[in-house]
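Report on one structure; see the data block that follows.
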Amino acid sequence: MLLTKSNTIIKNFLIAACFAMLFNACKEQATDGMIVMTQVATNLVNSNDSSVKDILYHSKSRIVALNPNKSGESLMVLSKDFFSACAPNISYDGKQMLFAAQKNQNDPWQIWELNFDNLKYKQVTDSPQNAIDPTYLPDGTIAFSKTVSFNKLNTSLALFTCNLDGTNLKQIGFNPNAHVASSVLMDGRIVAISQQMFPYQSDKNFMILRPDGTKEELFYQGLKGGNLQTRACETSDGKLVFIESDNRNQVGGNVISINYNRPLHSRLNLTSNINGDFYAVSALNANKLLVSYRASKSERFALFEFNIEDKTLEQVIYKDNDFDVLEVVYIQKHERPRKLPSEVNLDSKTGLLLCQDINFTAAQTTTDSTSTLNATKIEVLGIDKSLGIVSVEKDGSFYLKIIADTPFRIQTLDQNNRVVKGPGSWLYLRPSERRGCVGCHEDPEQVPENRQPLSANNNPVLIPVLAEVLNNKVSLK
Amino acid sequence: MKTFQNLLMLLALSLVLGLIAYFPGKKMARIHVNDKTAVEDHPLSCISCHYYSQTSGVISKLINVDYLSPFNLALSNDGNRLYVIAQDANALLVVDTKSNKVLNKISVGMHPHSVILNAKGTLAYVSNEWSDKVSVIDLQASKVIDSLNTGNGPAGLSLSADGQFLFVVNAFSSNLSIINLNSKEELKRLNTGNNPTGTVLSPNGKSLYVTSRRANAAPYGETLISDLTVIDTKSQSVQKRIGMESAYIMENVAFTPSGDLAITTLIRPKNNIPSVQVEHGWMMNHGIGLVEQKENGRVIQLLLDEPNTFYPDPFDIVITPDGKKAFVSSSGVNVISVIAIDSIRNLLANASPKMLKMYSNNLGMSSRFVIKRLTTGANPKGLALSPDGKRLYVAEQLEDKIAVINTETLETVNSIDLGGPKRITVARQGRRLFNNASHTFQNQYACYTCHPDTHEDGLTYNFAAVGRNLANVISLREIAGTAPFKWNGTNQSIYKQDGMRFSRFLTRTETFNYDDLDALVAYVKTGIKYPPNLMYHPNAELTASQLRGKEFFERSVDNEGKLIPKNNRCITCHSGPRYTNLKMADVGTLASTDDPTLFDTPHLNDIYSAAPYLHDGRAKTLEEIWTVYSTKDEHGRVNDLSKIQLNELIDYLKSLRGPRYNKADSNSLFFKSKNEKDYENSIKKTY
């Protein structure tokens, strides 16, 4: 009798459990198919947060969710417990969202994660410096930008990675450029807006690097005097879209598309025929974008669909006369990018750089230039001092072992140490990273000639050529 | 009641014993799997190695099936019939292009390569690469009516303008057979470049171009040169050899209808450069070579790749009758690249030699002449255009289908199912992975790129530290039972060889997931087919010279009557069916740039086709191993041998072939395969 009763209880429990599981499986996530936006009520020109230099972060910005299929439904405010919030980034399974926020008015910006199932959030970073622009990485960690000092006087925003609980914090970018607005391409690399800050401020570019910080290189050269304003968003057909203006101080710009396959030479202004300004863009589907747009400066930025093929604005999705739409992203499950293996070995203190011929330059790629450069040496320049002068091999090649995670630039010299070609952009090598270059200032589309560099037959030259290293006071092993 | 209690006791005892055995057993299995896979989280699945990798017996028959694997194509003059080489079925398929149905399956020789029709369209010639014969097929009767002897490894075919001569490219013996079709006799055999496969006759019929896949033998670091051999068809002699610098794997070649350009597919490897990165094409580039057909005509190379996307393993090229478009099958990424030939002419018109040299290494150039990339099924190989040029047929080798593309709209309009098995076996999936570059960063190269035909590309690479530990690419044929792997024996299994370290140092992208790794290993272990070494071992008998060489190989006493120390006899290290004792040894060829180590003893099967030799490829020939690099008997006792005796030893070594060809009995794949028997019977019936 007792056995029968307990059997019945177990049976009922199992049935209930099955129903619960079935219900859970069928239950749609409350935010599925919704659009997440960042809004700000105050005037855009006046609301820039001065604590976050050179990026478009706004005090009192908020993150909201909109159901595009229910026009009458009010917005769901996702950041109601924060003074300011922005930079939403959706996880690959569409169930979580990273964002940057200030809990209180004078707090530094930190990274938070929101769970769409229960709308609960947790703090990811806890730093006295600003931590902004988070993005999910394919291996389950995140990348973001954080303020760092690169010498006694100057600070910049460097790229970092960490676990979702904030542990295992690692700086991955080490040149004195500001890196913001990172996103991850399907090939697994991080693309971020980068702006040289030292020794002079230059135009913004998109740089690309592996999630371990290796192989950083130019991906897209921004307009001279222009302004890259948003993350690069990759579409399903191999394009990247973003907002760029031709004026550094302009609020908003045009929607620009480039091809992943050939990003340096495929720029297409999708909105050149549309008057007005665009402030945000993200992919909706193969042929549609979500954009924030205003026809004139007297209007607020509102949310529209944009047809890529026709290059036309379509229906307005959301408009509010009291708020500008600053960012937009569609909540959906999306394909996880490639999980790239890392070559970084933190036990090592150096990286290796192999150059095939310093006298090979971009000019030789596209012209029939007969000018012969006569550089025979290179000088490796650090932030505030020379790290050494190295004679190159007869074929123009050099092979360096450079202290890791240290920014440097290279200039070429003639036999009398006169500068032949001034320093290029900042470089750095991660511990145990191996990199190669075809020449100096060479065309990035040029591949190396299948020729063994003479320098490869010798041991690499140690950089910095410092007394501390030479005297074995500092070990690079 | 007592029986029930006993039963209960027995059950309890079994349970306890089971539990006692389970946990240590699981732990041991974990250790075993970790050891084989070199990772700690591969699922504890016995079937990965012990089921999918079975090479014989019932299980092997159950899990594997025979596919068709369409390779090369030809169309009838009216375009109504498509003739498809079904390489793995040893057959020629006849397809009705109206109904898209397979009408006939004609058994031919082993591993057919190419098909060509005579001018009337009444006869087809099929080269049987592993039978050293060309099958002559009466297309009306759909029967093999004759068989022509060729050199070793007949591949590409061409007919003279008057139809009197058949030109047969011999891929393995690196020459060209000229066969008089009236007498059916081979008239001449002309030397070509290394490992030729493709050939084409110029529109005026005066010149025949022959490609080569391997570069000419050269020490590491020297510029690679692969020959395009030009034959004067009138004198039937070699007119010139055009060296294609820094390129190899020229699979096929085509002429523009006007005859102003010959265009070949090619690969530009970066083996002389330390492989410090993949980015920016530092490992492999893929493109075309162009030869201007005029006095002092230039030889030009252009890449099909783009800065962030690569198009590996270009195989075939065809050009539309109007000369406007060329189509290239990029078999490593399942793409057909469409080329505007006039754009290439414009590009070249004002380019100086210096600019052309830059162009050959520029990833942006393809945007100037590639007008579209068309996606195909798995592993597109041979191409054929309909006579009016409006339809392009693509042999999707690992799909068992033919794609049909409209050459005006550049859309795929049809897919012809050739009727191969629908089930994709694990090994077949492995072959797809092997041939596809998607597991390499930006699709820069597939396994197949360095291991064409699952063999090796004849090059030495600097994969490890800059300037150190150079490694000669080894053949993958018959490597299943030859662990450890790598010349220094650091990888105990193929799992480890192709696993995490492989992705960290070679493919530089996400590693294979375990299902894919299982499939890849299953393919390498079970699915690799290879030719029967007809060049040095045409039948079950060794020649007298080889028999004498065998004696030297197995000897224990030298010419002076002295006992050879055991570890200095050939047979000691190179023992067993694969001629390796699977142990490490010092053969005295460690270079100053190598890390100190012993050498993994390689197997010797099919060594005849695996030049260059030694771990870093320094020996161009087998002879050089002893005459140049082992002058003090470090690599076995040989210095007592006379020149003739050494030649006999080498003659024997070259006769060695894989176990599947070792016995001339009912198990021999070569002599008694079903298709081979069908083929022989069809010939007998004809006569």
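Every chain in the structure tokens has a letter given in the order shown (A, B, ...), and although residue numbers restart at 1 in each chain, ligands are simply numbered from 1 in the order shown.
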Given only C-alpha atoms, how would the per-residue table for chain B near chain A read, listing every residue at most 7 Å away with its closest atom pair and distance in Å to one decimal, sorted by chain and number, as JSON lines?
{"residue": "B:Gly221", "atom": "CA", "partner": "A:Gln452", "partner_atom": "CA", "distance": 5.7}
{"residue": "B:Ser246", "atom": "CA", "partner": "A:Asn450", "partner_atom": "CA", "distance": 6.5}
{"residue": "B:Lys270", "atom": "CA", "partner": "A:Asn450", "partner_atom": "CA", "distance": 4.9}
{"residue": "B:Asn271", "atom": "CA", "partner": "A:Asn450", "partner_atom": "CA", "distance": 6.8}
{"residue": "B:Asn272", "atom": "CA", "partner": "A:Gln452", "partner_atom": "CA", "distance": 4.9}
{"residue": "B:Ile273", "atom": "CA", "partner": "A:Gln452", "partner_atom": "CA", "distance": 5.0}
{"residue": "B:Val276", "atom": "CA", "partner": "A:Arg434", "partner_atom": "CA", "distance": 5.2}
{"residue": "B:Gln277", "atom": "CA", "partner": "A:Arg435", "partner_atom": "CA", "distance": 6.0}
{"residue": "B:His280", "atom": "CA", "partner": "A:Val447", "partner_atom": "CA", "distance": 5.8}
{"residue": "B:Gly281", "atom": "CA", "partner": "A:Val447", "partner_atom": "CA", "distance": 5.5}
{"residue": "B:Trp282", "atom": "CA", "partner": "A:Val447", "partner_atom": "CA", "distance": 6.4}
{"residue": "B:Glu306", "atom": "CA", "partner": "A:Asn261", "partner_atom": "CA", "distance": 6.0}
{"residue": "B:Pro307", "atom": "CA", "partner": "A:Arg262", "partner_atom": "CA", "distance": 5.5}
{"residue": "B:Asn308", "atom": "CA", "partner": "A:Asn261", "partner_atom": "CA", "distance": 4.6}
{"residue": "B:Thr309", "atom": "CA", "partner": "A:Asn261", "partner_atom": "CA", "distance": 5.5}
{"residue": "B:Ser352", "atom": "CA", "partner": "A:Asp368", "partner_atom": "CA", "distance": 6.8}
{"residue": "B:Lys354", "atom": "CA", "partner": "A:Asp368", "partner_atom": "CA", "distance": 6.7}
{"residue": "B:Met355", "atom": "CA", "partner": "A:Asp368", "partner_atom": "CA", "distance": 6.1}
{"residue": "B:Met358", "atom": "CA", "partner": "A:Thr365", "partner_atom": "CA", "distance": 5.5}
{"residue": "B:Asn361", "atom": "CA", "partner": "A:Val447", "partner_atom": "CA", "distance": 5.2}
{"residue": "B:Asn362", "atom": "CA", "partner": "A:Gln446", "partner_atom": "CA", "distance": 4.5}
{"residue": "B:Leu363", "atom": "CA", "partner": "A:Glu445", "partner_atom": "CA", "distance": 5.2}
{"residue": "B:Gly364", "atom": "CA", "partner": "A:Glu445", "partner_atom": "CA", "distance": 5.9}
{"residue": "B:Val466", "atom": "CA", "partner": "A:Ala456", "partner_atom": "CA", "distance": 5.8}
{"residue": "B:Gly467", "atom": "CA", "partner": "A:Ala456", "partner_atom": "CA", "distance": 5.1}
{"residue": "B:Ser503", "atom": "CA", "partner": "A:Pro341", "partner_atom": "CA", "distance": 6.9}
{"residue": "B:Arg504", "atom": "CA", "partner": "A:Pro341", "partner_atom": "CA", "distance": 5.4}
{"residue": "B:Arg508", "atom": "CA", "partner": "A:Pro341", "partner_atom": "CA", "distance": 6.5}
{"residue": "B:Thr509", "atom": "CA", "partner": "A:Leu340", "partner_atom": "CA", "distance": 4.8}
{"residue": "B:Glu510", "atom": "CA", "partner": "A:Leu340", "partner_atom": "CA", "distance": 4.9}
Any idea what's packed within 6 Å of segment 526-538 of chain B, counting only C-alpha atoms, ignoring anything in its chain fewer than 2 positions away? Could you give it as number ranges by chain?
B: 53, 55, 130, 152, 522-524, 655
Env of segment 392-395 of chain B: 8 Å cut, atoms = only C-alpha atoms, seq-sep filter 3 positions within chain, self excluded. Answer as JSON, numbers by chain.
{"B": [70, 71, 72, 73, 84, 380, 381, 382, 383, 384, 385, 386, 389, 400, 401, 402, 403, 404, 405, 406, 407]}
Could you write out the selected residues, including all heavy atoms, as a short mmCIF file (atom, residue, chain, number, x, y, z; two decimals), in the first residue's frame?
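Wrote result_34.cif, looks like this:
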data_model
loop_
_atom_site.label_atom_id
_atom_site.label_comp_id
_atom_site.auth_asym_id
_atom_site.auth_seq_id
_atom_site.Cartn_x
_atom_site.Cartn_y
_atom_site.Cartn_z
N PRO B 70 33.83 12.00 -59.39
CA PRO B 70 34.04 12.54 -60.75
C PRO B 70 35.27 13.45 -60.78
O PRO B 70 35.47 14.25 -59.85
CB PRO B 70 32.77 13.33 -61.02
CG PRO B 70 32.18 13.62 -59.67
CD PRO B 70 32.56 12.45 -58.81
N PHE B 71 36.05 13.34 -61.83
CA PHE B 71 37.33 14.04 -61.83
C PHE B 71 37.48 14.95 -63.04
O PHE B 71 37.49 16.16 -62.91
CB PHE B 71 38.45 12.99 -61.79
CG PHE B 71 39.81 13.55 -61.51
CD1 PHE B 71 40.10 14.13 -60.29
CD2 PHE B 71 40.81 13.49 -62.47
CE1 PHE B 71 41.37 14.64 -60.03
CE2 PHE B 71 42.08 14.01 -62.21
CZ PHE B 71 42.36 14.58 -60.99
N ASN B 72 37.58 14.37 -64.22
CA ASN B 72 37.66 15.18 -65.43
C ASN B 72 36.48 14.90 -66.34
O ASN B 72 35.80 13.87 -66.20
CB ASN B 72 38.99 14.93 -66.15
CG ASN B 72 40.10 15.84 -65.61
OD1 ASN B 72 39.85 17.02 -65.37
ND2 ASN B 72 41.29 15.29 -65.43
N LEU B 73 36.27 15.80 -67.30
CA LEU B 73 35.05 15.76 -68.12
C LEU B 73 35.37 16.00 -69.59
O LEU B 73 36.38 16.62 -69.91
CB LEU B 73 34.09 16.88 -67.68
CG LEU B 73 33.74 17.02 -66.22
CD1 LEU B 73 33.05 18.36 -66.00
CD2 LEU B 73 32.84 15.89 -65.80
N VAL B 84 32.14 11.56 -68.12
CA VAL B 84 32.67 11.89 -66.80
C VAL B 84 33.61 10.79 -66.32
O VAL B 84 33.21 9.61 -66.25
CB VAL B 84 31.51 12.04 -65.77
CG1 VAL B 84 32.06 12.41 -64.40
CG2 VAL B 84 30.49 13.06 -66.24
N PRO B 380 35.52 20.93 -56.30
CA PRO B 380 35.38 21.03 -57.77
C PRO B 380 36.71 20.76 -58.46
O PRO B 380 37.72 21.34 -58.10
CB PRO B 380 34.93 22.48 -57.98
CG PRO B 380 35.46 23.21 -56.78
CD PRO B 380 35.40 22.24 -55.64
N LYS B 381 36.68 19.90 -59.44
CA LYS B 381 37.92 19.54 -60.16
C LYS B 381 37.79 19.89 -61.64
O LYS B 381 37.88 21.06 -62.00
CB LYS B 381 38.21 18.05 -59.96
CG LYS B 381 38.66 17.70 -58.55
CD LYS B 381 40.10 18.10 -58.32
CE LYS B 381 40.63 17.58 -57.00
NZ LYS B 381 42.01 17.98 -56.73
N GLY B 382 37.53 18.89 -62.49
CA GLY B 382 37.53 19.13 -63.92
C GLY B 382 36.38 20.01 -64.37
O GLY B 382 35.29 19.99 -63.80
N LEU B 383 36.64 20.80 -65.42
CA LEU B 383 35.64 21.68 -66.00
C LEU B 383 35.46 21.35 -67.47
O LEU B 383 36.41 20.93 -68.13
CB LEU B 383 36.08 23.14 -65.88
CG LEU B 383 36.43 23.67 -64.48
CD1 LEU B 383 37.01 25.08 -64.59
CD2 LEU B 383 35.21 23.66 -63.57
N ALA B 384 34.26 21.56 -67.98
CA ALA B 384 34.03 21.42 -69.43
C ALA B 384 32.98 22.43 -69.85
O ALA B 384 31.99 22.64 -69.13
CB ALA B 384 33.57 20.00 -69.76
N LEU B 385 33.22 23.06 -70.99
CA LEU B 385 32.25 24.02 -71.53
C LEU B 385 31.46 23.36 -72.65
O LEU B 385 32.01 22.57 -73.43
CB LEU B 385 32.97 25.23 -72.08
CG LEU B 385 33.41 26.30 -71.08
CD1 LEU B 385 34.42 27.22 -71.71
CD2 LEU B 385 32.22 27.08 -70.53
N SER B 386 30.18 23.70 -72.73
CA SER B 386 29.40 23.22 -73.87
C SER B 386 29.96 23.87 -75.14
O SER B 386 30.61 24.92 -75.07
CB SER B 386 27.93 23.60 -73.68
OG SER B 386 27.80 25.00 -73.57
N GLY B 389 29.55 27.36 -75.49
CA GLY B 389 30.12 28.13 -74.37
C GLY B 389 29.11 28.62 -73.38
O GLY B 389 29.45 29.37 -72.46
N ASP B 400 29.99 13.66 -55.78
CA ASP B 400 29.46 12.74 -56.79
C ASP B 400 28.38 13.41 -57.64
O ASP B 400 27.35 12.80 -57.99
CB ASP B 400 28.92 11.45 -56.14
CG ASP B 400 30.05 10.45 -55.85
OD1 ASP B 400 31.20 10.77 -56.18
OD2 ASP B 400 29.77 9.38 -55.28
N LYS B 401 28.61 14.66 -57.93
CA LYS B 401 27.65 15.43 -58.74
C LYS B 401 28.40 16.29 -59.76
O LYS B 401 29.60 16.54 -59.63
CB LYS B 401 26.81 16.34 -57.84
CG LYS B 401 25.80 15.60 -56.98
CD LYS B 401 25.02 16.56 -56.12
CE LYS B 401 24.03 15.77 -55.26
NZ LYS B 401 23.41 16.61 -54.25
N ILE B 402 27.62 16.73 -60.74
CA ILE B 402 28.13 17.69 -61.71
C ILE B 402 27.30 18.96 -61.59
O ILE B 402 26.07 18.91 -61.68
CB ILE B 402 28.00 17.15 -63.17
CG1 ILE B 402 28.72 15.78 -63.32
CG2 ILE B 402 28.53 18.16 -64.17
CD1 ILE B 402 30.21 15.82 -63.18
N ALA B 403 27.94 20.06 -61.34
CA ALA B 403 27.22 21.34 -61.31
C ALA B 403 27.14 21.89 -62.72
O ALA B 403 28.08 21.74 -63.50
CB ALA B 403 27.93 22.32 -60.41
N VAL B 404 26.01 22.49 -63.05
CA VAL B 404 25.84 23.11 -64.37
C VAL B 404 25.65 24.61 -64.16
O VAL B 404 24.75 25.03 -63.42
CB VAL B 404 24.63 22.52 -65.12
CG1 VAL B 404 24.59 23.05 -66.55
CG2 VAL B 404 24.66 21.00 -65.10
N ILE B 405 26.51 25.39 -64.78
CA ILE B 405 26.50 26.85 -64.57
C ILE B 405 26.22 27.56 -65.88
O ILE B 405 26.79 27.21 -66.93
CB ILE B 405 27.88 27.30 -63.99
CG1 ILE B 405 28.02 26.78 -62.55
CG2 ILE B 405 28.03 28.82 -64.03
CD1 ILE B 405 29.42 26.88 -61.98
N ASN B 406 25.33 28.52 -65.82
CA ASN B 406 25.05 29.36 -66.97
C ASN B 406 26.18 30.40 -67.06
O ASN B 406 26.36 31.22 -66.15
CB ASN B 406 23.69 30.06 -66.80
CG ASN B 406 23.33 30.92 -67.98
OD1 ASN B 406 24.17 31.62 -68.53
ND2 ASN B 406 22.06 30.87 -68.38
N THR B 407 26.93 30.38 -68.15
CA THR B 407 28.12 31.24 -68.23
C THR B 407 27.78 32.69 -68.54
O THR B 407 28.65 33.55 -68.49
CB THR B 407 29.11 30.71 -69.29
OG1 THR B 407 28.43 30.66 -70.54
CG2 THR B 407 29.64 29.35 -68.93
#
Please indicate the distance in Å from atom CA of Leu290 of chain B to atom CA of Ser330 of chain B, rounded to one decimal place.
17.3 Å
10 Å contact set for Asp107 of chain A, only C-alpha atoms, chain neighbours under 5 positions out, as a list in words
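Close residues of Asp107 of chain A: Ser51, Phe83, Ser84, Ala101, Gln102, Pro128, Gln129 and Asn130 of chain A.
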Among segment 518-669 of chain B, which residues carry a DSSP assignment of alpha helix (DSSP H), reported as a PyMOL selection string?
chain B and resi 518-522+544-554+570-573+622-627+643-655+669
Go ahead and write the selection's residues with N, CA and C atoms as a compact mmCIF listing (two decimals), in the first residue's frame.
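Contents of part-v1.txt, as written:
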# COMPACT_ATOMS: atom_id res chain seq x y z
N ASP B 518 38.20 12.83 -35.78
CA ASP B 518 37.95 11.39 -35.99
C ASP B 518 37.88 11.08 -37.48
N ALA B 519 37.14 11.93 -38.20
CA ALA B 519 36.95 11.68 -39.64
C ALA B 519 38.27 11.82 -40.39
N LEU B 520 39.02 12.83 -40.06
CA LEU B 520 40.29 13.04 -40.75
C LEU B 520 41.25 11.88 -40.52
N VAL B 521 41.30 11.44 -39.28
CA VAL B 521 42.20 10.33 -38.95
C VAL B 521 41.72 9.05 -39.66
N ALA B 522 40.40 8.85 -39.67
CA ALA B 522 39.85 7.67 -40.34
C ALA B 522 40.22 7.68 -41.82
N ALA B 544 66.19 -9.18 -61.77
CA ALA B 544 67.45 -9.76 -61.25
C ALA B 544 68.22 -8.72 -60.48
N SER B 545 68.26 -7.51 -61.00
CA SER B 545 68.96 -6.42 -60.32
C SER B 545 68.33 -6.15 -58.96
N GLN B 546 66.99 -6.12 -58.91
CA GLN B 546 66.31 -5.86 -57.64
C GLN B 546 66.53 -6.99 -56.65
N LEU B 547 66.59 -8.21 -57.17
CA LEU B 547 66.85 -9.36 -56.28
C LEU B 547 68.23 -9.26 -55.65
N ARG B 548 69.19 -8.81 -56.45
CA ARG B 548 70.54 -8.63 -55.90
C ARG B 548 70.52 -7.49 -54.87
N GLY B 549 69.77 -6.44 -55.20
CA GLY B 549 69.65 -5.33 -54.26
C GLY B 549 69.00 -5.78 -52.97
N LYS B 550 68.04 -6.68 -53.07
CA LYS B 550 67.35 -7.20 -51.87
C LYS B 550 68.35 -7.91 -50.97
N GLU B 551 69.26 -8.61 -51.60
CA GLU B 551 70.29 -9.30 -50.80
C GLU B 551 71.15 -8.31 -50.03
N PHE B 552 71.50 -7.22 -50.69
CA PHE B 552 72.30 -6.19 -49.98
C PHE B 552 71.47 -5.60 -48.84
N PHE B 553 70.19 -5.42 -49.10
CA PHE B 553 69.31 -4.83 -48.10
C PHE B 553 69.21 -5.72 -46.86
N GLU B 554 69.21 -7.01 -47.09
CA GLU B 554 68.99 -7.95 -45.98
C GLU B 554 70.29 -8.57 -45.44
N CYS B 570 70.57 -2.51 -43.08
CA CYS B 570 69.33 -1.88 -43.57
C CYS B 570 68.12 -2.53 -42.91
N ILE B 571 68.13 -3.85 -42.91
CA ILE B 571 66.95 -4.60 -42.50
C ILE B 571 66.62 -4.45 -41.02
N THR B 572 67.61 -4.03 -40.24
CA THR B 572 67.34 -3.88 -38.80
C THR B 572 66.34 -2.77 -38.54
N CYS B 573 66.63 -1.61 -39.07
CA CYS B 573 65.72 -0.47 -38.83
C CYS B 573 64.53 -0.50 -39.79
N LEU B 622 67.84 9.03 -54.01
CA LEU B 622 68.20 8.00 -53.04
C LEU B 622 69.72 7.80 -53.01
N GLU B 623 70.34 7.88 -54.17
CA GLU B 623 71.79 7.71 -54.24
C GLU B 623 72.50 8.68 -53.30
N GLU B 624 72.04 9.91 -53.32
CA GLU B 624 72.74 10.95 -52.55
C GLU B 624 72.74 10.66 -51.05
N ILE B 625 71.75 9.90 -50.60
CA ILE B 625 71.72 9.57 -49.16
C ILE B 625 73.06 8.97 -48.74
N TRP B 626 73.60 8.11 -49.62
CA TRP B 626 74.85 7.41 -49.26
C TRP B 626 76.09 8.05 -49.90
N THR B 627 75.94 8.50 -51.14
CA THR B 627 77.13 9.00 -51.83
C THR B 627 77.53 10.39 -51.34
N LYS B 643 79.67 0.77 -57.24
CA LYS B 643 78.65 1.65 -57.83
C LYS B 643 77.47 0.82 -58.35
N ILE B 644 77.82 -0.27 -59.02
CA ILE B 644 76.75 -1.12 -59.57
C ILE B 644 75.93 -1.74 -58.45
N GLN B 645 76.62 -2.17 -57.40
CA GLN B 645 75.88 -2.79 -56.29
C GLN B 645 74.97 -1.77 -55.59
N LEU B 646 75.46 -0.55 -55.44
CA LEU B 646 74.62 0.48 -54.83
C LEU B 646 73.39 0.74 -55.70
N ASN B 647 73.62 0.75 -57.01
CA ASN B 647 72.49 0.93 -57.93
C ASN B 647 71.47 -0.19 -57.75
N GLU B 648 71.99 -1.41 -57.54
CA GLU B 648 71.08 -2.55 -57.37
C GLU B 648 70.29 -2.42 -56.06
N LEU B 649 70.97 -1.95 -55.01
CA LEU B 649 70.27 -1.73 -53.74
C LEU B 649 69.15 -0.70 -53.94
N ILE B 650 69.50 0.36 -54.66
CA ILE B 650 68.51 1.42 -54.89
C ILE B 650 67.39 0.92 -55.79
N ASP B 651 67.76 0.11 -56.74
CA ASP B 651 66.76 -0.48 -57.63
C ASP B 651 65.74 -1.30 -56.82
N TYR B 652 66.25 -2.00 -55.84
CA TYR B 652 65.35 -2.78 -54.97
C TYR B 652 64.48 -1.83 -54.13
N LEU B 653 65.10 -0.81 -53.56
CA LEU B 653 64.35 0.11 -52.73
C LEU B 653 63.21 0.76 -53.52
N LYS B 654 63.52 1.07 -54.78
CA LYS B 654 62.48 1.71 -55.60
C LYS B 654 61.35 0.75 -55.94
N SER B 655 61.59 -0.53 -55.79
CA SER B 655 60.53 -1.51 -56.11
C SER B 655 59.52 -1.64 -54.99
N LEU B 669 44.59 -5.74 -54.71
CA LEU B 669 43.69 -4.73 -55.26
C LEU B 669 44.01 -4.45 -56.71
Can you pull out every residue from segment 180-392 of chain A that DSSP, working from the backbone, puts in strand (DSSP E or B), and format the result as a VMD selection string?
chain A and resid 180 to 184 190 to 196 204 to 209 217 to 221 227 to 228 233 to 234 239 to 245 253 to 259 268 to 269 277 to 285 288 to 294 302 to 307 312 to 318 324 to 330 350 to 355 377 to 381 386 to 391
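Nearest residue to Val328 of chain B among B:Arg373, B:Lys101, B:Arg214, B:Arg368 is B:Arg373, counting only C-alpha atoms.
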Do a neighbour search on segment 319-325 of chain A at 12 Å with only C-alpha atoms, toss out local chain neighbours closer than 2 positions, and write the hits as a PyMOL selection string.
chain A and resi 35-45+47+58+60-66+68+71+74-75+86+251-252+278-281+290-294+297-304+315-317+327-329
How about saving the chosen residues, C-alpha atoms kept, as a CSV table (one decimal), in the first residue's frame?
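Saved the output as part16.csv:
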chain,number,residue,atom,x,y,z
A,35,ILE,CA,15.9,45.5,-30.5
A,36,VAL,CA,18.3,46.9,-27.9
A,37,MET,CA,19.0,50.6,-28.2
A,38,THR,CA,21.1,53.2,-26.3
A,39,GLN,CA,19.3,56.4,-25.8
A,40,VAL,CA,20.1,59.8,-24.4
A,41,ALA,CA,17.8,62.7,-23.6
A,42,THR,CA,20.3,65.5,-23.3
A,43,ASN,CA,21.8,67.3,-26.2
A,44,LEU,CA,24.4,65.1,-27.9
A,45,VAL,CA,27.1,67.8,-28.2
A,47,SER,CA,26.4,65.3,-23.0
A,58,HIS,CA,27.2,60.2,-22.8
A,60,LYS,CA,22.6,59.6,-18.4
A,61,SER,CA,22.5,57.4,-21.5
A,62,ARG,CA,20.3,54.4,-21.0
A,63,ILE,CA,19.8,51.0,-22.6
A,64,VAL,CA,16.3,50.0,-23.6
A,65,ALA,CA,14.6,47.1,-25.4
A,66,LEU,CA,12.0,47.6,-28.1
A,68,PRO,CA,9.5,46.0,-33.2
A,71,SER,CA,4.2,49.1,-32.0
A,74,SER,CA,6.3,50.7,-24.3
A,75,LEU,CA,10.1,50.4,-24.1
A,86,CYS,CA,25.7,52.1,-23.2
A,251,VAL,CA,27.9,64.5,-34.8
A,252,GLY,CA,26.9,61.5,-36.9
A,278,PHE,CA,23.5,58.6,-39.3
A,279,TYR,CA,24.7,57.8,-35.8
A,280,ALA,CA,24.5,54.0,-35.4
A,281,VAL,CA,24.3,50.9,-37.5
A,290,LEU,CA,19.2,48.9,-38.5
A,291,VAL,CA,20.3,52.6,-38.5
A,292,SER,CA,19.8,55.6,-36.3
A,293,TYR,CA,19.2,58.6,-38.5
A,294,ARG,CA,18.1,62.2,-38.4
A,297,LYS,CA,20.1,68.8,-36.9
A,298,SER,CA,16.9,70.0,-35.4
A,299,GLU,CA,15.6,66.4,-35.2
A,300,ARG,CA,16.4,63.6,-32.9
A,301,PHE,CA,18.2,60.4,-34.1
A,302,ALA,CA,15.4,57.8,-34.7
A,303,LEU,CA,15.6,54.1,-35.6
A,304,PHE,CA,15.1,53.0,-39.2
A,315,GLN,CA,10.2,52.3,-42.4
A,316,VAL,CA,10.9,54.1,-39.2
A,317,ILE,CA,10.9,51.6,-36.4
A,327,GLU,CA,23.3,52.6,-30.5
A,328,VAL,CA,21.2,49.7,-31.8
A,329,VAL,CA,21.6,45.9,-31.8
